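Asks: Take this structure, written in C-alpha coordinates, and hold onto it; I'll ask about it next.
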Amino acid sequence: SAVSAPSEIISLKQKLSEKEGEIITLRDQVAQMNRMFIETQLKIQTLTDENKALRMSIEANNPIHKEIRPYIAPGEEDIKGPFYLPDQYEFVDVEESNPGVNPDTMSYEELLNLGEMMGKVDPGLKKEDILRLRKSKYRSGKEKKQCPIDLETFKEGEEVIFLPCQHIFHSKCITTHLANSKKCPICQQDIRDLLKRTG
(Lines give C-alpha, C1' and ligand atoms only; values in the text may rest on other atoms or scores of the structure.)
Protein backbone atom coordinates (compact mmCIF):
# COMPACT_ATOMS: atom_id res chain seq x y z
CA SER A 1 0.00 0.00 0.00
CA ALA A 2 0.99 3.66 -0.43
CA VAL A 3 1.23 4.12 3.32
CA SER A 4 3.44 1.06 4.09
CA ALA A 5 5.92 1.54 1.26
CA PRO A 6 8.00 4.30 2.87
CA SER A 7 8.37 2.36 6.15
CA GLU A 8 9.50 -0.74 4.26
CA ILE A 9 12.05 1.32 2.35
CA ILE A 10 13.33 2.84 5.59
CA SER A 11 13.66 -0.65 7.09
CA LEU A 12 15.55 -1.93 4.06
CA LYS A 13 17.87 1.09 4.13
CA GLN A 14 18.61 0.42 7.78
CA LYS A 15 19.44 -3.23 7.02
CA LEU A 16 21.63 -2.10 4.10
CA SER A 17 23.42 0.35 6.38
CA GLU A 18 24.01 -2.42 8.96
CA LYS A 19 25.41 -4.78 6.28
CA GLU A 20 27.68 -2.05 4.97
CA GLY A 21 28.90 -1.51 8.53
CA GLU A 22 29.61 -5.23 8.87
CA ILE A 23 31.52 -5.19 5.57
CA ILE A 24 33.63 -2.25 6.75
CA THR A 25 34.34 -4.06 10.03
CA LEU A 26 35.38 -7.24 8.19
CA ARG A 27 37.63 -5.26 5.85
CA ASP A 28 39.29 -3.64 8.86
CA GLN A 29 39.82 -7.07 10.41
CA VAL A 30 41.31 -8.41 7.17
CA ALA A 31 43.62 -5.40 6.91
CA GLN A 32 44.70 -5.92 10.52
CA MET A 33 45.36 -9.63 9.88
CA ASN A 34 47.39 -8.75 6.78
CA ARG A 35 49.49 -6.34 8.83
CA MET A 36 50.02 -9.03 11.48
CA PHE A 37 50.97 -11.55 8.80
CA ILE A 38 53.51 -9.16 7.28
CA GLU A 39 54.93 -8.39 10.72
CA THR A 40 55.17 -12.11 11.48
CA GLN A 41 56.99 -12.75 8.19
CA LEU A 42 59.44 -9.98 9.01
CA LYS A 43 60.02 -11.46 12.46
CA ILE A 44 60.59 -14.91 10.93
CA GLN A 45 63.09 -13.47 8.46
CA THR A 46 64.87 -11.57 11.24
CA LEU A 47 65.08 -14.67 13.43
CA THR A 48 66.25 -16.75 10.47
CA ASP A 49 69.03 -14.26 9.74
CA GLU A 50 70.01 -14.17 13.41
CA ASN A 51 70.05 -17.98 13.60
CA LYS A 52 72.18 -18.16 10.46
CA ALA A 53 74.67 -15.66 11.90
CA LEU A 54 74.72 -17.57 15.20
CA ARG A 55 75.27 -20.89 13.39
CA MET A 56 78.16 -19.44 11.38
CA SER A 57 79.70 -18.00 14.52
CA ILE A 58 79.42 -21.30 16.39
CA GLU A 59 80.83 -23.34 13.49
CA ALA A 60 83.69 -20.87 13.05
CA ASN A 61 84.65 -21.03 16.74
CA ASN A 62 83.70 -24.61 17.53
CA PRO A 63 86.73 -26.88 18.03
CA ILE A 64 84.64 -29.98 18.80
CA HIS A 65 82.65 -29.83 15.55
CA LYS A 66 79.12 -29.61 16.85
CA GLU A 67 76.17 -28.13 15.03
CA ILE A 68 73.24 -26.26 16.55
CA ARG A 69 69.82 -27.45 15.43
CA PRO A 70 66.23 -26.83 16.54
CA TYR A 71 65.17 -29.33 19.20
CA ILE A 72 62.00 -31.25 18.38
CA ALA A 73 60.84 -33.81 20.91
CA PRO A 74 60.19 -37.39 19.66
CA GLY A 75 56.71 -37.73 18.20
CA GLU A 76 56.32 -34.02 17.53
CA GLU A 77 57.80 -33.99 14.03
CA ASP A 78 54.44 -34.22 12.27
CA ILE A 79 52.70 -31.47 14.22
CA LYS A 80 55.19 -28.68 13.59
CA GLY A 81 54.17 -26.38 10.75
CA PRO A 82 56.47 -24.63 8.25
CA PHE A 83 56.55 -21.48 10.37
CA TYR A 84 57.35 -23.29 13.62
CA LEU A 85 59.86 -21.33 15.69
CA PRO A 86 61.48 -23.59 18.32
CA ASP A 87 62.22 -22.25 21.75
CA GLN A 88 64.92 -24.88 22.38
CA TYR A 89 68.02 -25.90 20.47
CA GLU A 90 70.45 -28.76 20.78
CA PHE A 91 74.07 -29.40 19.83
CA VAL A 92 74.55 -32.32 17.43
CA ASP A 93 77.86 -34.02 16.64
CA VAL A 94 79.07 -33.46 13.09
CA GLU A 95 81.00 -36.24 11.33
CA GLU A 96 84.56 -34.98 11.20
CA SER A 97 86.37 -37.60 9.11
CA ASN A 98 84.30 -37.31 5.91
CA PRO A 99 81.97 -34.29 6.21
CA GLY A 100 81.13 -34.34 2.50
CA VAL A 101 80.43 -38.08 2.19
CA ASN A 102 76.92 -39.01 1.07
CA PRO A 103 76.52 -42.80 0.63
CA ASP A 104 73.26 -42.31 -1.28
CA THR A 105 75.12 -40.67 -4.18
CA MET A 106 78.21 -42.93 -4.21
CA SER A 107 78.92 -45.63 -6.78
CA TYR A 108 79.55 -49.29 -5.95
CA GLU A 109 83.33 -48.82 -6.30
CA GLU A 110 83.28 -45.67 -4.15
CA LEU A 111 81.41 -47.50 -1.40
CA LEU A 112 84.00 -50.29 -1.48
CA ASN A 113 86.82 -47.74 -1.27
CA LEU A 114 85.06 -46.03 1.62
CA GLY A 115 84.70 -49.37 3.37
CA GLU A 116 88.41 -50.05 2.95
CA MET A 117 89.29 -46.65 4.42
CA MET A 118 87.03 -47.35 7.39
CA GLY A 119 88.37 -50.87 7.76
CA LYS A 120 84.94 -52.48 7.52
CA VAL A 121 85.04 -54.21 4.13
CA ASP A 122 85.90 -57.91 3.91
CA PRO A 123 89.11 -58.74 2.01
CA GLY A 124 87.49 -60.68 -0.81
CA LEU A 125 88.59 -63.93 -2.44
CA LYS A 126 92.16 -64.71 -3.34
CA LYS A 127 93.01 -64.92 -7.03
CA GLU A 128 93.50 -68.67 -6.87
CA ASP A 129 90.05 -69.11 -5.32
CA ILE A 130 88.44 -67.04 -8.08
CA LEU A 131 90.20 -69.19 -10.70
CA ARG A 132 88.62 -72.29 -9.15
CA LEU A 133 85.10 -71.07 -9.93
CA ARG A 134 83.24 -72.89 -12.72
CA LYS A 135 83.27 -70.96 -15.99
CA SER A 136 81.03 -71.73 -18.93
CA LYS A 137 79.67 -70.38 -22.20
CA TYR A 138 76.11 -69.20 -21.69
CA ARG A 139 73.40 -71.11 -23.54
CA SER A 140 70.14 -69.22 -23.80
CA GLY A 141 66.91 -71.06 -23.18
CA LYS A 142 63.28 -70.09 -23.46
CA GLU A 143 63.52 -67.76 -20.45
CA LYS A 144 65.81 -64.76 -20.75
CA LYS A 145 67.93 -64.20 -17.66
CA GLN A 146 69.88 -61.17 -16.43
CA CYS A 147 73.14 -60.80 -14.61
CA PRO A 148 72.18 -59.63 -11.09
CA ILE A 149 75.11 -57.20 -10.99
CA ASP A 150 74.91 -55.19 -14.24
CA LEU A 151 71.29 -56.21 -15.00
CA GLU A 152 72.23 -56.98 -18.62
CA THR A 153 70.58 -59.97 -20.34
CA PHE A 154 72.93 -62.91 -20.84
CA LYS A 155 73.87 -63.39 -24.50
CA GLU A 156 74.43 -66.67 -26.29
CA GLY A 157 78.05 -67.83 -25.98
CA GLU A 158 79.37 -65.19 -23.58
CA GLU A 159 81.45 -66.27 -20.60
CA VAL A 160 79.63 -66.69 -17.31
CA ILE A 161 80.59 -67.99 -13.87
CA PHE A 162 78.52 -70.30 -11.69
CA LEU A 163 79.16 -69.85 -7.98
CA PRO A 164 79.02 -72.90 -5.69
CA CYS A 165 75.62 -71.64 -4.51
CA GLN A 166 74.47 -72.02 -8.17
CA HIS A 167 73.95 -68.33 -8.85
CA ILE A 168 75.15 -67.21 -12.27
CA PHE A 169 76.87 -63.95 -13.26
CA HIS A 170 78.84 -62.39 -16.08
CA SER A 171 82.43 -63.49 -15.60
CA LYS A 172 83.78 -59.92 -15.47
CA CYS A 173 81.06 -58.70 -13.09
CA ILE A 174 81.44 -61.43 -10.47
CA THR A 175 85.25 -61.43 -10.71
CA THR A 176 85.31 -57.72 -9.87
CA HIS A 177 82.85 -58.25 -7.02
CA LEU A 178 84.69 -61.21 -5.49
CA ALA A 179 87.99 -59.32 -5.55
CA ASN A 180 86.43 -57.06 -2.92
CA SER A 181 83.95 -59.35 -1.19
CA LYS A 182 83.93 -63.08 -0.50
CA LYS A 183 80.12 -63.26 -0.36
CA CYS A 184 77.62 -64.02 -3.11
CA PRO A 185 75.73 -60.81 -4.03
CA ILE A 186 72.44 -62.74 -4.02
CA CYS A 187 72.39 -65.10 -1.04
CA GLN A 188 75.32 -63.59 0.92
CA GLN A 189 76.89 -67.02 1.46
CA ASP A 190 80.64 -67.07 2.01
CA ILE A 191 82.09 -68.39 -1.28
CA ARG A 192 85.37 -69.29 0.37
CA ASP A 193 83.58 -71.57 2.82
CA LEU A 194 81.55 -73.14 0.00
CA LEU A 195 84.74 -73.83 -1.96
CA LYS A 196 86.26 -75.54 1.08
CA ARG A 197 83.21 -77.78 1.40
CA THR A 198 83.26 -78.79 -2.26
CA GLY A 199 87.00 -79.36 -2.22
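Note on naming: chains are A, B, ... as they come in the C-alpha coordinates, residues start from 1 per chain, ligands start from 1 in the order shown.
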For His177 in chain A, work out the shell of residues within 12 Å, counting only C-alpha atoms and skipping chain neighbours fewer than 4 positions away, then give it as a PDB file with all heavy atoms, in the first residue's frame.

Replies:
ATOM      1  N   TYR A 108      79.167 -48.024  -6.600  1.00  0.00           N
ATOM      2  CA  TYR A 108      79.550 -49.286  -5.951  1.00  0.00           C
ATOM      3  C   TYR A 108      81.035 -49.283  -5.585  1.00  0.00           C
ATOM      4  O   TYR A 108      81.423 -49.643  -4.475  1.00  0.00           O
ATOM      5  CB  TYR A 108      79.224 -50.440  -6.889  1.00  0.00           C
ATOM      6  CG  TYR A 108      79.627 -51.810  -6.388  1.00  0.00           C
ATOM      7  CD1 TYR A 108      78.870 -52.450  -5.417  1.00  0.00           C
ATOM      8  CD2 TYR A 108      80.745 -52.461  -6.886  1.00  0.00           C
ATOM      9  CE1 TYR A 108      79.233 -53.699  -4.944  1.00  0.00           C
ATOM     10  CE2 TYR A 108      81.113 -53.712  -6.431  1.00  0.00           C
ATOM     11  CZ  TYR A 108      80.344 -54.332  -5.455  1.00  0.00           C
ATOM     12  OH  TYR A 108      80.711 -55.569  -5.006  1.00  0.00           O
ATOM     13  N   GLU A 109      81.885 -48.844  -6.545  1.00  0.00           N
ATOM     14  CA  GLU A 109      83.327 -48.819  -6.300  1.00  0.00           C
ATOM     15  C   GLU A 109      83.685 -47.826  -5.201  1.00  0.00           C
ATOM     16  O   GLU A 109      84.560 -48.089  -4.365  1.00  0.00           O
ATOM     17  CB  GLU A 109      84.080 -48.458  -7.594  1.00  0.00           C
ATOM     18  CG  GLU A 109      84.056 -49.548  -8.657  1.00  0.00           C
ATOM     19  CD  GLU A 109      82.720 -49.624  -9.392  1.00  0.00           C
ATOM     20  OE1 GLU A 109      81.907 -48.668  -9.245  1.00  0.00           O
ATOM     21  OE2 GLU A 109      82.480 -50.630 -10.083  1.00  0.00           O
ATOM     22  N   LEU A 112      82.964 -49.318  -1.849  1.00  0.00           N
ATOM     23  CA  LEU A 112      83.996 -50.285  -1.482  1.00  0.00           C
ATOM     24  C   LEU A 112      85.250 -49.579  -0.977  1.00  0.00           C
ATOM     25  O   LEU A 112      85.858 -49.975   0.016  1.00  0.00           O
ATOM     26  CB  LEU A 112      84.331 -51.178  -2.678  1.00  0.00           C
ATOM     27  CG  LEU A 112      83.266 -52.216  -3.066  1.00  0.00           C
ATOM     28  CD1 LEU A 112      83.676 -52.932  -4.347  1.00  0.00           C
ATOM     29  CD2 LEU A 112      83.040 -53.215  -1.951  1.00  0.00           C
ATOM     30  N   ASP A 122      85.178 -56.642   3.827  1.00  0.00           N
ATOM     31  CA  ASP A 122      85.895 -57.912   3.906  1.00  0.00           C
ATOM     32  C   ASP A 122      86.916 -57.974   2.773  1.00  0.00           C
ATOM     33  O   ASP A 122      86.790 -57.303   1.757  1.00  0.00           O
ATOM     34  CB  ASP A 122      84.922 -59.094   3.876  1.00  0.00           C
ATOM     35  CG  ASP A 122      84.168 -59.208   2.580  1.00  0.00           C
ATOM     36  OD1 ASP A 122      84.793 -59.042   1.525  1.00  0.00           O
ATOM     37  OD2 ASP A 122      82.951 -59.482   2.618  1.00  0.00           O
ATOM     38  N   PRO A 123      87.985 -58.773   2.946  1.00  0.00           N
ATOM     39  CA  PRO A 123      89.106 -58.735   2.013  1.00  0.00           C
ATOM     40  C   PRO A 123      88.831 -59.336   0.641  1.00  0.00           C
ATOM     41  O   PRO A 123      89.606 -59.144  -0.285  1.00  0.00           O
ATOM     42  CB  PRO A 123      90.185 -59.538   2.750  1.00  0.00           C
ATOM     43  CG  PRO A 123      89.416 -60.460   3.648  1.00  0.00           C
ATOM     44  CD  PRO A 123      88.202 -59.698   4.057  1.00  0.00           C
ATOM     45  N   GLY A 124      87.764 -60.067   0.478  1.00  0.00           N
ATOM     46  CA  GLY A 124      87.488 -60.678  -0.814  1.00  0.00           C
ATOM     47  C   GLY A 124      88.214 -61.991  -1.001  1.00  0.00           C
ATOM     48  O   GLY A 124      88.999 -62.439  -0.160  1.00  0.00           O
ATOM     49  N   LEU A 125      87.960 -62.640  -2.146  1.00  0.00           N
ATOM     50  CA  LEU A 125      88.590 -63.929  -2.437  1.00  0.00           C
ATOM     51  C   LEU A 125      89.993 -63.735  -2.997  1.00  0.00           C
ATOM     52  O   LEU A 125      90.276 -62.744  -3.669  1.00  0.00           O
ATOM     53  CB  LEU A 125      87.756 -64.710  -3.452  1.00  0.00           C
ATOM     54  CG  LEU A 125      86.413 -65.280  -2.987  1.00  0.00           C
ATOM     55  CD1 LEU A 125      85.792 -66.083  -4.107  1.00  0.00           C
ATOM     56  CD2 LEU A 125      86.570 -66.133  -1.750  1.00  0.00           C
ATOM     57  N   LYS A 126      90.829 -64.716  -2.738  1.00  0.00           N
ATOM     58  CA  LYS A 126      92.159 -64.711  -3.342  1.00  0.00           C
ATOM     59  C   LYS A 126      92.033 -65.067  -4.822  1.00  0.00           C
ATOM     60  O   LYS A 126      91.068 -65.692  -5.246  1.00  0.00           O
ATOM     61  CB  LYS A 126      93.063 -65.713  -2.633  1.00  0.00           C
ATOM     62  CG  LYS A 126      93.344 -65.368  -1.182  1.00  0.00           C
ATOM     63  CD  LYS A 126      94.253 -66.403  -0.536  1.00  0.00           C
ATOM     64  CE  LYS A 126      94.537 -66.049   0.919  1.00  0.00           C
ATOM     65  NZ  LYS A 126      95.414 -67.055   1.572  1.00  0.00           N
ATOM     66  N   ILE A 130      89.289 -67.494  -6.977  1.00  0.00           N
ATOM     67  CA  ILE A 130      88.444 -67.036  -8.082  1.00  0.00           C
ATOM     68  C   ILE A 130      88.658 -67.913  -9.315  1.00  0.00           C
ATOM     69  O   ILE A 130      87.706 -68.246 -10.039  1.00  0.00           O
ATOM     70  CB  ILE A 130      88.744 -65.552  -8.414  1.00  0.00           C
ATOM     71  CG1 ILE A 130      88.336 -64.663  -7.222  1.00  0.00           C
ATOM     72  CG2 ILE A 130      88.012 -65.109  -9.672  1.00  0.00           C
ATOM     73  CD1 ILE A 130      88.657 -63.188  -7.404  1.00  0.00           C
ATOM     74  N   PRO A 148      72.676 -60.425 -12.223  1.00  0.00           N
ATOM     75  CA  PRO A 148      72.184 -59.635 -11.090  1.00  0.00           C
ATOM     76  C   PRO A 148      73.024 -58.404 -10.765  1.00  0.00           C
ATOM     77  O   PRO A 148      72.574 -57.534 -10.032  1.00  0.00           O
ATOM     78  CB  PRO A 148      72.221 -60.632  -9.923  1.00  0.00           C
ATOM     79  CG  PRO A 148      72.205 -61.976 -10.562  1.00  0.00           C
ATOM     80  CD  PRO A 148      72.971 -61.814 -11.833  1.00  0.00           C
ATOM     81  N   ILE A 149      74.245 -58.338 -11.312  1.00  0.00           N
ATOM     82  CA  ILE A 149      75.107 -57.197 -10.993  1.00  0.00           C
ATOM     83  C   ILE A 149      74.912 -56.043 -11.963  1.00  0.00           C
ATOM     84  O   ILE A 149      74.614 -54.915 -11.569  1.00  0.00           O
ATOM     85  CB  ILE A 149      76.590 -57.629 -10.954  1.00  0.00           C
ATOM     86  CG1 ILE A 149      76.800 -58.600  -9.785  1.00  0.00           C
ATOM     87  CG2 ILE A 149      77.508 -56.406 -10.806  1.00  0.00           C
ATOM     88  CD1 ILE A 149      78.201 -59.126  -9.663  1.00  0.00           C
ATOM     89  N   ASP A 150      75.070 -56.284 -13.274  1.00  0.00           N
ATOM     90  CA  ASP A 150      74.913 -55.187 -14.237  1.00  0.00           C
ATOM     91  C   ASP A 150      73.527 -55.141 -14.874  1.00  0.00           C
ATOM     92  O   ASP A 150      73.219 -54.241 -15.653  1.00  0.00           O
ATOM     93  CB  ASP A 150      75.979 -55.264 -15.327  1.00  0.00           C
ATOM     94  CG  ASP A 150      75.871 -56.526 -16.187  1.00  0.00           C
ATOM     95  OD1 ASP A 150      74.874 -57.262 -16.061  1.00  0.00           O
ATOM     96  OD2 ASP A 150      76.791 -56.776 -16.976  1.00  0.00           O
ATOM     97  N   PHE A 169      76.531 -65.348 -13.019  1.00  0.00           N
ATOM     98  CA  PHE A 169      76.868 -63.951 -13.262  1.00  0.00           C
ATOM     99  C   PHE A 169      77.752 -63.845 -14.502  1.00  0.00           C
ATOM    100  O   PHE A 169      78.378 -64.824 -14.927  1.00  0.00           O
ATOM    101  CB  PHE A 169      77.644 -63.352 -12.072  1.00  0.00           C
ATOM    102  CG  PHE A 169      76.941 -63.462 -10.760  1.00  0.00           C
ATOM    103  CD1 PHE A 169      77.091 -64.601  -9.973  1.00  0.00           C
ATOM    104  CD2 PHE A 169      76.142 -62.436 -10.285  1.00  0.00           C
ATOM    105  CE1 PHE A 169      76.459 -64.707  -8.751  1.00  0.00           C
ATOM    106  CE2 PHE A 169      75.498 -62.539  -9.063  1.00  0.00           C
ATOM    107  CZ  PHE A 169      75.652 -63.672  -8.296  1.00  0.00           C
ATOM    108  N   HIS A 170      77.811 -62.658 -15.075  1.00  0.00           N
ATOM    109  CA  HIS A 170      78.840 -62.394 -16.078  1.00  0.00           C
ATOM    110  C   HIS A 170      80.201 -62.599 -15.423  1.00  0.00           C
ATOM    111  O   HIS A 170      80.418 -62.217 -14.265  1.00  0.00           O
ATOM    112  CB  HIS A 170      78.747 -60.953 -16.587  1.00  0.00           C
ATOM    113  CG  HIS A 170      77.642 -60.739 -17.580  1.00  0.00           C
ATOM    114  ND1 HIS A 170      76.750 -59.703 -17.480  1.00  0.00           N
ATOM    115  CD2 HIS A 170      77.299 -61.429 -18.700  1.00  0.00           C
ATOM    116  CE1 HIS A 170      75.900 -59.760 -18.498  1.00  0.00           C
ATOM    117  NE2 HIS A 170      76.207 -60.803 -19.243  1.00  0.00           N
ATOM    118  N   SER A 171      81.112 -63.192 -16.148  1.00  0.00           N
ATOM    119  CA  SER A 171      82.430 -63.493 -15.596  1.00  0.00           C
ATOM    120  C   SER A 171      83.126 -62.236 -15.071  1.00  0.00           C
ATOM    121  O   SER A 171      83.662 -62.212 -13.960  1.00  0.00           O
ATOM    122  CB  SER A 171      83.295 -64.163 -16.670  1.00  0.00           C
ATOM    123  OG  SER A 171      84.594 -64.413 -16.173  1.00  0.00           O
ATOM    124  N   LYS A 172      83.106 -61.155 -15.874  1.00  0.00           N
ATOM    125  CA  LYS A 172      83.783 -59.921 -15.472  1.00  0.00           C
ATOM    126  C   LYS A 172      83.126 -59.301 -14.245  1.00  0.00           C
ATOM    127  O   LYS A 172      83.816 -58.817 -13.332  1.00  0.00           O
ATOM    128  CB  LYS A 172      83.784 -58.924 -16.631  1.00  0.00           C
ATOM    129  CG  LYS A 172      84.530 -57.644 -16.354  1.00  0.00           C
ATOM    130  CD  LYS A 172      84.526 -56.726 -17.566  1.00  0.00           C
ATOM    131  CE  LYS A 172      85.277 -55.430 -17.290  1.00  0.00           C
ATOM    132  NZ  LYS A 172      85.269 -54.520 -18.480  1.00  0.00           N
ATOM    133  N   CYS A 173      81.786 -59.324 -14.202  1.00  0.00           N
ATOM    134  CA  CYS A 173      81.056 -58.705 -13.089  1.00  0.00           C
ATOM    135  C   CYS A 173      81.375 -59.385 -11.760  1.00  0.00           C
ATOM    136  O   CYS A 173      81.707 -58.728 -10.768  1.00  0.00           O
ATOM    137  CB  CYS A 173      79.552 -58.749 -13.342  1.00  0.00           C
ATOM    138  SG  CYS A 173      78.994 -57.751 -14.732  1.00  0.00           S
ATOM    139  N   SER A 181      84.850 -58.733  -2.160  1.00  0.00           N
ATOM    140  CA  SER A 181      83.952 -59.350  -1.194  1.00  0.00           C
ATOM    141  C   SER A 181      83.918 -60.852  -1.428  1.00  0.00           C
ATOM    142  O   SER A 181      83.881 -61.304  -2.569  1.00  0.00           O
ATOM    143  CB  SER A 181      82.534 -58.778  -1.328  1.00  0.00           C
ATOM    144  OG  SER A 181      81.629 -59.487  -0.503  1.00  0.00           O
ATOM    145  N   LYS A 182      83.935 -61.620  -0.354  1.00  0.00           N
ATOM    146  CA  LYS A 182      83.930 -63.076  -0.500  1.00  0.00           C
ATOM    147  C   LYS A 182      82.523 -63.665  -0.432  1.00  0.00           C
ATOM    148  O   LYS A 182      82.353 -64.876  -0.383  1.00  0.00           O
ATOM    149  CB  LYS A 182      84.800 -63.729   0.570  1.00  0.00           C
ATOM    150  CG  LYS A 182      84.399 -63.444   1.995  1.00  0.00           C
ATOM    151  CD  LYS A 182      85.334 -64.144   2.973  1.00  0.00           C
ATOM    152  CE  LYS A 182      84.959 -63.880   4.421  1.00  0.00           C
ATOM    153  NZ  LYS A 182      85.201 -62.482   4.802  1.00  0.00           N
ATOM    154  N   LYS A 183      81.502 -62.799  -0.469  1.00  0.00           N
ATOM    155  CA  LYS A 183      80.123 -63.264  -0.362  1.00  0.00           C
ATOM    156  C   LYS A 183      79.388 -63.144  -1.682  1.00  0.00           C
ATOM    157  O   LYS A 183      79.638 -62.233  -2.468  1.00  0.00           O
ATOM    158  CB  LYS A 183      79.378 -62.460   0.710  1.00  0.00           C
ATOM    159  CG  LYS A 183      79.911 -62.687   2.113  1.00  0.00           C
ATOM    160  CD  LYS A 183      79.102 -61.915   3.137  1.00  0.00           C
ATOM    161  CE  LYS A 183      79.624 -62.166   4.550  1.00  0.00           C
ATOM    162  NZ  LYS A 183      78.835 -61.422   5.565  1.00  0.00           N
ATOM    163  N   CYS A 184      78.468 -64.075  -1.919  1.00  0.00           N
ATOM    164  CA  CYS A 184      77.618 -64.019  -3.106  1.00  0.00           C
ATOM    165  C   CYS A 184      76.715 -62.793  -3.011  1.00  0.00           C
ATOM    166  O   CYS A 184      76.102 -62.550  -1.960  1.00  0.00           O
ATOM    167  CB  CYS A 184      76.762 -65.285  -3.206  1.00  0.00           C
ATOM    168  SG  CYS A 184      75.463 -65.199  -4.470  1.00  0.00           S
ATOM    169  N   PRO A 185      76.584 -61.998  -4.081  1.00  0.00           N
ATOM    170  CA  PRO A 185      75.726 -60.807  -4.034  1.00  0.00           C
ATOM    171  C   PRO A 185      74.254 -61.126  -3.820  1.00  0.00           C
ATOM    172  O   PRO A 185      73.493 -60.268  -3.388  1.00  0.00           O
ATOM    173  CB  PRO A 185      75.944 -60.151  -5.407  1.00  0.00           C
ATOM    174  CG  PRO A 185      77.202 -60.737  -5.938  1.00  0.00           C
ATOM    175  CD  PRO A 185      77.297 -62.115  -5.372  1.00  0.00           C
ATOM    176  N   ILE A 186      73.855 -62.371  -4.126  1.00  0.00           N
ATOM    177  CA  ILE A 186      72.442 -62.736  -4.020  1.00  0.00           C
ATOM    178  C   ILE A 186      72.109 -63.319  -2.655  1.00  0.00           C
ATOM    179  O   ILE A 186      71.274 -62.784  -1.918  1.00  0.00           O
ATOM    180  CB  ILE A 186      72.047 -63.748  -5.111  1.00  0.00           C
ATOM    181  CG1 ILE A 186      72.364 -63.177  -6.500  1.00  0.00           C
ATOM    182  CG2 ILE A 186      70.560 -64.098  -5.001  1.00  0.00           C
ATOM    183  CD1 ILE A 186      71.628 -61.905  -6.819  1.00  0.00           C
ATOM    184  N   ILE A 191      81.637 -67.535  -0.173  1.00  0.00           N
ATOM    185  CA  ILE A 191      82.085 -68.391  -1.277  1.00  0.00           C
ATOM    186  C   ILE A 191      83.322 -69.184  -0.882  1.00  0.00           C
ATOM    187  O   ILE A 191      83.493 -70.339  -1.297  1.00  0.00           O
ATOM    188  CB  ILE A 191      82.373 -67.543  -2.536  1.00  0.00           C
ATOM    189  CG1 ILE A 191      81.116 -66.756  -2.942  1.00  0.00           C
ATOM    190  CG2 ILE A 191      82.832 -68.415  -3.693  1.00  0.00           C
ATOM    191  CD1 ILE A 191      79.912 -67.619  -3.199  1.00  0.00           C
TER     192      ILE A 191
END

Asks: Would you mind reading off the distance between CA of Gly157 in chain A and CA of Ser140 in chain A, one decimal, in Å?

Replies: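 Separation of CA of Gly157 in chain A and CA of Ser140 in chain A: 8.3 Å.
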
Asks: To one decimal place in Å, what is the distance between CA of Arg197 in chain A and CA of His167 in chain A?

Replies: 16.7 Å

Asks: What gap, in Å, lies between CA of Gln189 in chain A and CA of Cys165 in chain A?

Replies: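 Value for the CA of Gln189 in chain A-CA of Cys165 in chain A distance: 7.7 Å.
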
Asks: Considering only C-alpha atoms, state which residue in the set A:Gln188, A:Phe162, A:Leu194, A:Ser107 is at the smallest distance from Leu133 in chain A.

Replies: A:Phe162
